[in-house]
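Below: one structure, written as structure tokens.
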Amino acid sequence: MKLETLSAVNAERAARRPVMVITDVANGDQRLVKAADFAADPLHAELDKQLRMGKSAMVEVDGKKLFLNVYAPTARLIIIGAVHISQALAPLARSLDYDVTVIDPRTAFASPERFPDVSLVAEWPDVALPPLNVDHYTAFVAVTHDPKIDDPALLHAFERNCFYIGALGSRKTHAKRGDRLKAQGVSEADFARIKAPIGLNIGAVSPSEIAVAIMAEITAELRLPKGNPKDFPKTSAA
């Protein structure tokens, strides 16, 4: 890889923007494609597929063998609420290579004893979230059941265009959440992005099962092609 290409790759990675290097196997020619240029690239279908999977791959196009080297940001999970579900969700997400941060101003809940080996911030969302540089490669889960904590956090998730936004609560609870958020200027389109009730409908009952349902829904959002049918029913977790 040429120094110029390597420098460009490192700059994109430092900014948590995906980038891909395409190498012609026959002659070694390389070109770099930034995320903003994927849609206009002749190989956009292949680029989109490999980026969704987060894996490099060899493809053959017009008789040419091309190696697509994928550099994708590490996915992150922000959990608002140091509750029982979070205790199961945090280690599960870490096992799937997510960078996990748990936020809860209630120090009785947000303790290292309850969340060993997890980044823990015992602050209100308006203080805790800005330094984290939440971005599109962040999944965002609000599970406190306390509007004073969850609502400001959700507003931040909308602003940062997180790829997944989920919130715990029944349909009735979610409808009340909608009234509050819309009163603060949230659009119908943004509110519709919230996965609620949270998680896929797998009949989850226990905190551990609900954590599995949540991570399954996050995985589907990250990996499945946009525009494919994804009308999975929701868990009834309240």
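Each chain in the structure tokens gets a letter, A, B and so on, in the order shown; residues start at 1 in every chain, and ligands are counted from 1 in the order they appear.
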
With the cut-off set at 7 Å and counting only C-alpha atoms, tabulate each residue of region 57-154 of chain A with an atom at most that distance from an atom of region 8-24 of chain A, showing the nearest atom pair and its distance in Å to one decimal, ordered by chain and increasing number, as a Markdown table.
```
| residue | atom | partner | partner_atom | distance |
| --- | --- | --- | --- | --- |
| A:Lys65 | CA | A:Asp24 | CA | 6.2 |
| A:Leu66 | CA | A:Asp24 | CA | 4.7 |
| A:Phe67 | CA | A:Thr23 | CA | 5.1 |
| A:Leu68 | CA | A:Ile22 | CA | 4.8 |
| A:Asn69 | CA | A:Val21 | CA | 5.1 |
| A:Val70 | CA | A:Met20 | CA | 4.8 |
| A:Tyr71 | CA | A:Val19 | CA | 5.3 |
| A:Ala72 | CA | A:Pro18 | CA | 4.5 |
| A:Pro73 | CA | A:Arg16 | CA | 5.3 |
```

Practice prompt. Give the helix (DSSP H, G or I) residues of region 7-238 of chain A, as DSSP finds them on the backbone, and put them as JSON, numbers by chain.
Written response: {"A": [7, 8, 9, 10, 11, 12, 13, 14, 35, 36, 37, 44, 45, 46, 47, 48, 49, 50, 51, 52, 53, 84, 85, 86, 87, 88, 89, 90, 91, 92, 93, 94, 95, 125, 126, 127, 128, 130, 131, 132, 147, 148, 149, 150, 151, 152, 153, 154, 155, 156, 157, 158, 159, 171, 172, 173, 174, 175, 176, 177, 178, 179, 180, 181, 182, 183, 188, 189, 190, 191, 192, 207, 208, 209, 210, 211, 212, 213, 214, 215, 216, 217, 218, 219, 220, 221, 222, 223]}

Discussion item. DSSP on the backbone, strand (DSSP E or B) only: what residues of region 101-207 of chain A does that give? Format it as an MDAnalysis selection string.
Written reply: chainID A and resid 101:103 119:121 138:142 164:167 194:195 200

List the spatial neighbours of region 92-106 of chain A as a PDB file with N, CA and C atoms, in the first residue's frame - criterion: any atom at most 8 Å away, only C-alpha atoms, same-chain residues fewer than 4 positions off excluded.
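Here's the written file out_13.pdb:
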```pdb
ATOM      1  N   THR A  74     -15.179   0.266  14.761  1.00  0.00           N
ATOM      2  CA  THR A  74     -15.716  -0.681  15.741  1.00  0.00           C
ATOM      3  C   THR A  74     -17.069  -0.170  16.211  1.00  0.00           C
ATOM      4  N   ALA A  75     -18.075  -1.042  16.140  1.00  0.00           N
ATOM      5  CA  ALA A  75     -19.407  -0.637  16.585  1.00  0.00           C
ATOM      6  C   ALA A  75     -19.407  -0.418  18.094  1.00  0.00           C
ATOM      7  N   ARG A  76     -20.179   0.572  18.512  1.00  0.00           N
ATOM      8  CA  ARG A  76     -20.270   0.887  19.935  1.00  0.00           C
ATOM      9  C   ARG A  76     -21.709   0.722  20.413  1.00  0.00           C
ATOM     10  N   LEU A  77     -21.846   0.444  21.688  1.00  0.00           N
ATOM     11  CA  LEU A  77     -23.162   0.364  22.316  1.00  0.00           C
ATOM     12  C   LEU A  77     -23.177   1.277  23.534  1.00  0.00           C
ATOM     13  N   ILE A  78     -24.106   2.226  23.511  1.00  0.00           N
ATOM     14  CA  ILE A  78     -24.336   3.093  24.661  1.00  0.00           C
ATOM     15  C   ILE A  78     -25.606   2.612  25.348  1.00  0.00           C
ATOM     16  N   ILE A  79     -25.501   2.261  26.611  1.00  0.00           N
ATOM     17  CA  ILE A  79     -26.654   1.803  27.385  1.00  0.00           C
ATOM     18  C   ILE A  79     -26.990   2.877  28.415  1.00  0.00           C
ATOM     19  N   ILE A  80     -28.193   3.406  28.316  1.00  0.00           N
ATOM     20  CA  ILE A  80     -28.661   4.396  29.279  1.00  0.00           C
ATOM     21  C   ILE A  80     -29.477   3.662  30.338  1.00  0.00           C
ATOM     22  N   GLY A  81     -28.870   3.508  31.511  1.00  0.00           N
ATOM     23  CA  GLY A  81     -29.546   2.810  32.592  1.00  0.00           C
ATOM     24  C   GLY A  81     -28.764   1.593  33.056  1.00  0.00           C
ATOM     25  N   ALA A  82     -28.316   1.627  34.300  1.00  0.00           N
ATOM     26  CA  ALA A  82     -27.539   0.521  34.866  1.00  0.00           C
ATOM     27  C   ALA A  82     -28.480  -0.447  35.589  1.00  0.00           C
ATOM     28  N   SER A  86     -29.323  -4.316  31.645  1.00  0.00           N
ATOM     29  CA  SER A  86     -28.007  -3.819  31.248  1.00  0.00           C
ATOM     30  C   SER A  86     -26.889  -4.731  31.741  1.00  0.00           C
ATOM     31  N   ALA A  88     -26.950  -7.858  31.899  1.00  0.00           N
ATOM     32  CA  ALA A  88     -26.861  -8.979  30.958  1.00  0.00           C
ATOM     33  C   ALA A  88     -26.433  -8.508  29.571  1.00  0.00           C
ATOM     34  N   ALA A 110     -25.191   2.430  39.188  1.00  0.00           N
ATOM     35  CA  ALA A 110     -23.975   2.512  38.360  1.00  0.00           C
ATOM     36  C   ALA A 110     -22.737   2.294  39.224  1.00  0.00           C
ATOM     37  N   VAL A 118     -16.581  -2.897  32.584  1.00  0.00           N
ATOM     38  CA  VAL A 118     -17.397  -2.148  31.631  1.00  0.00           C
ATOM     39  C   VAL A 118     -17.172  -0.660  31.877  1.00  0.00           C
ATOM     40  N   SER A 119     -17.056   0.111  30.808  1.00  0.00           N
ATOM     41  CA  SER A 119     -16.938   1.556  30.952  1.00  0.00           C
ATOM     42  C   SER A 119     -18.232   2.103  31.541  1.00  0.00           C
ATOM     43  N   LEU A 120     -18.125   2.759  32.678  1.00  0.00           N
ATOM     44  CA  LEU A 120     -19.295   3.180  33.440  1.00  0.00           C
ATOM     45  C   LEU A 120     -19.192   4.673  33.733  1.00  0.00           C
ATOM     46  N   VAL A 121     -20.276   5.407  33.421  1.00  0.00           N
ATOM     47  CA  VAL A 121     -20.299   6.850  33.663  1.00  0.00           C
ATOM     48  C   VAL A 121     -21.498   7.175  34.552  1.00  0.00           C
ATOM     49  N   ALA A 122     -21.230   7.566  35.789  1.00  0.00           N
ATOM     50  CA  ALA A 122     -22.295   7.878  36.743  1.00  0.00           C
ATOM     51  C   ALA A 122     -22.617   9.371  36.684  1.00  0.00           C
ATOM     52  N   GLU A 123     -23.136   9.794  35.532  1.00  0.00           N
ATOM     53  CA  GLU A 123     -23.498  11.194  35.302  1.00  0.00           C
ATOM     54  C   GLU A 123     -24.823  11.241  34.548  1.00  0.00           C
ATOM     55  N   TRP A 124     -25.449  12.422  34.561  1.00  0.00           N
ATOM     56  CA  TRP A 124     -26.655  12.621  33.765  1.00  0.00           C
ATOM     57  C   TRP A 124     -26.268  12.629  32.278  1.00  0.00           C
ATOM     58  N   PRO A 125     -27.162  12.197  31.404  1.00  0.00           N
ATOM     59  CA  PRO A 125     -26.829  12.103  29.978  1.00  0.00           C
ATOM     60  C   PRO A 125     -26.277  13.379  29.366  1.00  0.00           C
ATOM     61  N   ALA A 128     -22.702  13.240  30.442  1.00  0.00           N
ATOM     62  CA  ALA A 128     -21.957  12.038  30.069  1.00  0.00           C
ATOM     63  C   ALA A 128     -21.793  11.855  28.561  1.00  0.00           C
ATOM     64  N   ILE A 149     -34.132  10.706  32.573  1.00  0.00           N
ATOM     65  CA  ILE A 149     -32.846  10.175  32.118  1.00  0.00           C
ATOM     66  C   ILE A 149     -32.924   9.753  30.654  1.00  0.00           C
ATOM     67  N   ALA A 211     -31.924  -9.287  26.831  1.00  0.00           N
ATOM     68  CA  ALA A 211     -30.642  -8.837  26.287  1.00  0.00           C
ATOM     69  C   ALA A 211     -30.348  -9.520  24.951  1.00  0.00           C
ATOM     70  N   VAL A 212     -30.632 -10.806  24.857  1.00  0.00           N
ATOM     71  CA  VAL A 212     -30.438 -11.531  23.595  1.00  0.00           C
ATOM     72  C   VAL A 212     -31.336 -10.941  22.510  1.00  0.00           C
ATOM     73  N   MET A 215     -29.848  -7.577  21.342  1.00  0.00           N
ATOM     74  CA  MET A 215     -28.661  -7.718  20.498  1.00  0.00           C
ATOM     75  C   MET A 215     -29.003  -8.314  19.147  1.00  0.00           C
TER      76      MET A 215
END
```

Item to complete: Just give me the gap between CA of Ala90 (chain A) and CA of Pro116 (chain A) in Å, one decimal is fine.
Response: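 CA of Ala90 (chain A) sits 9.8 Å away from CA of Pro116 (chain A).
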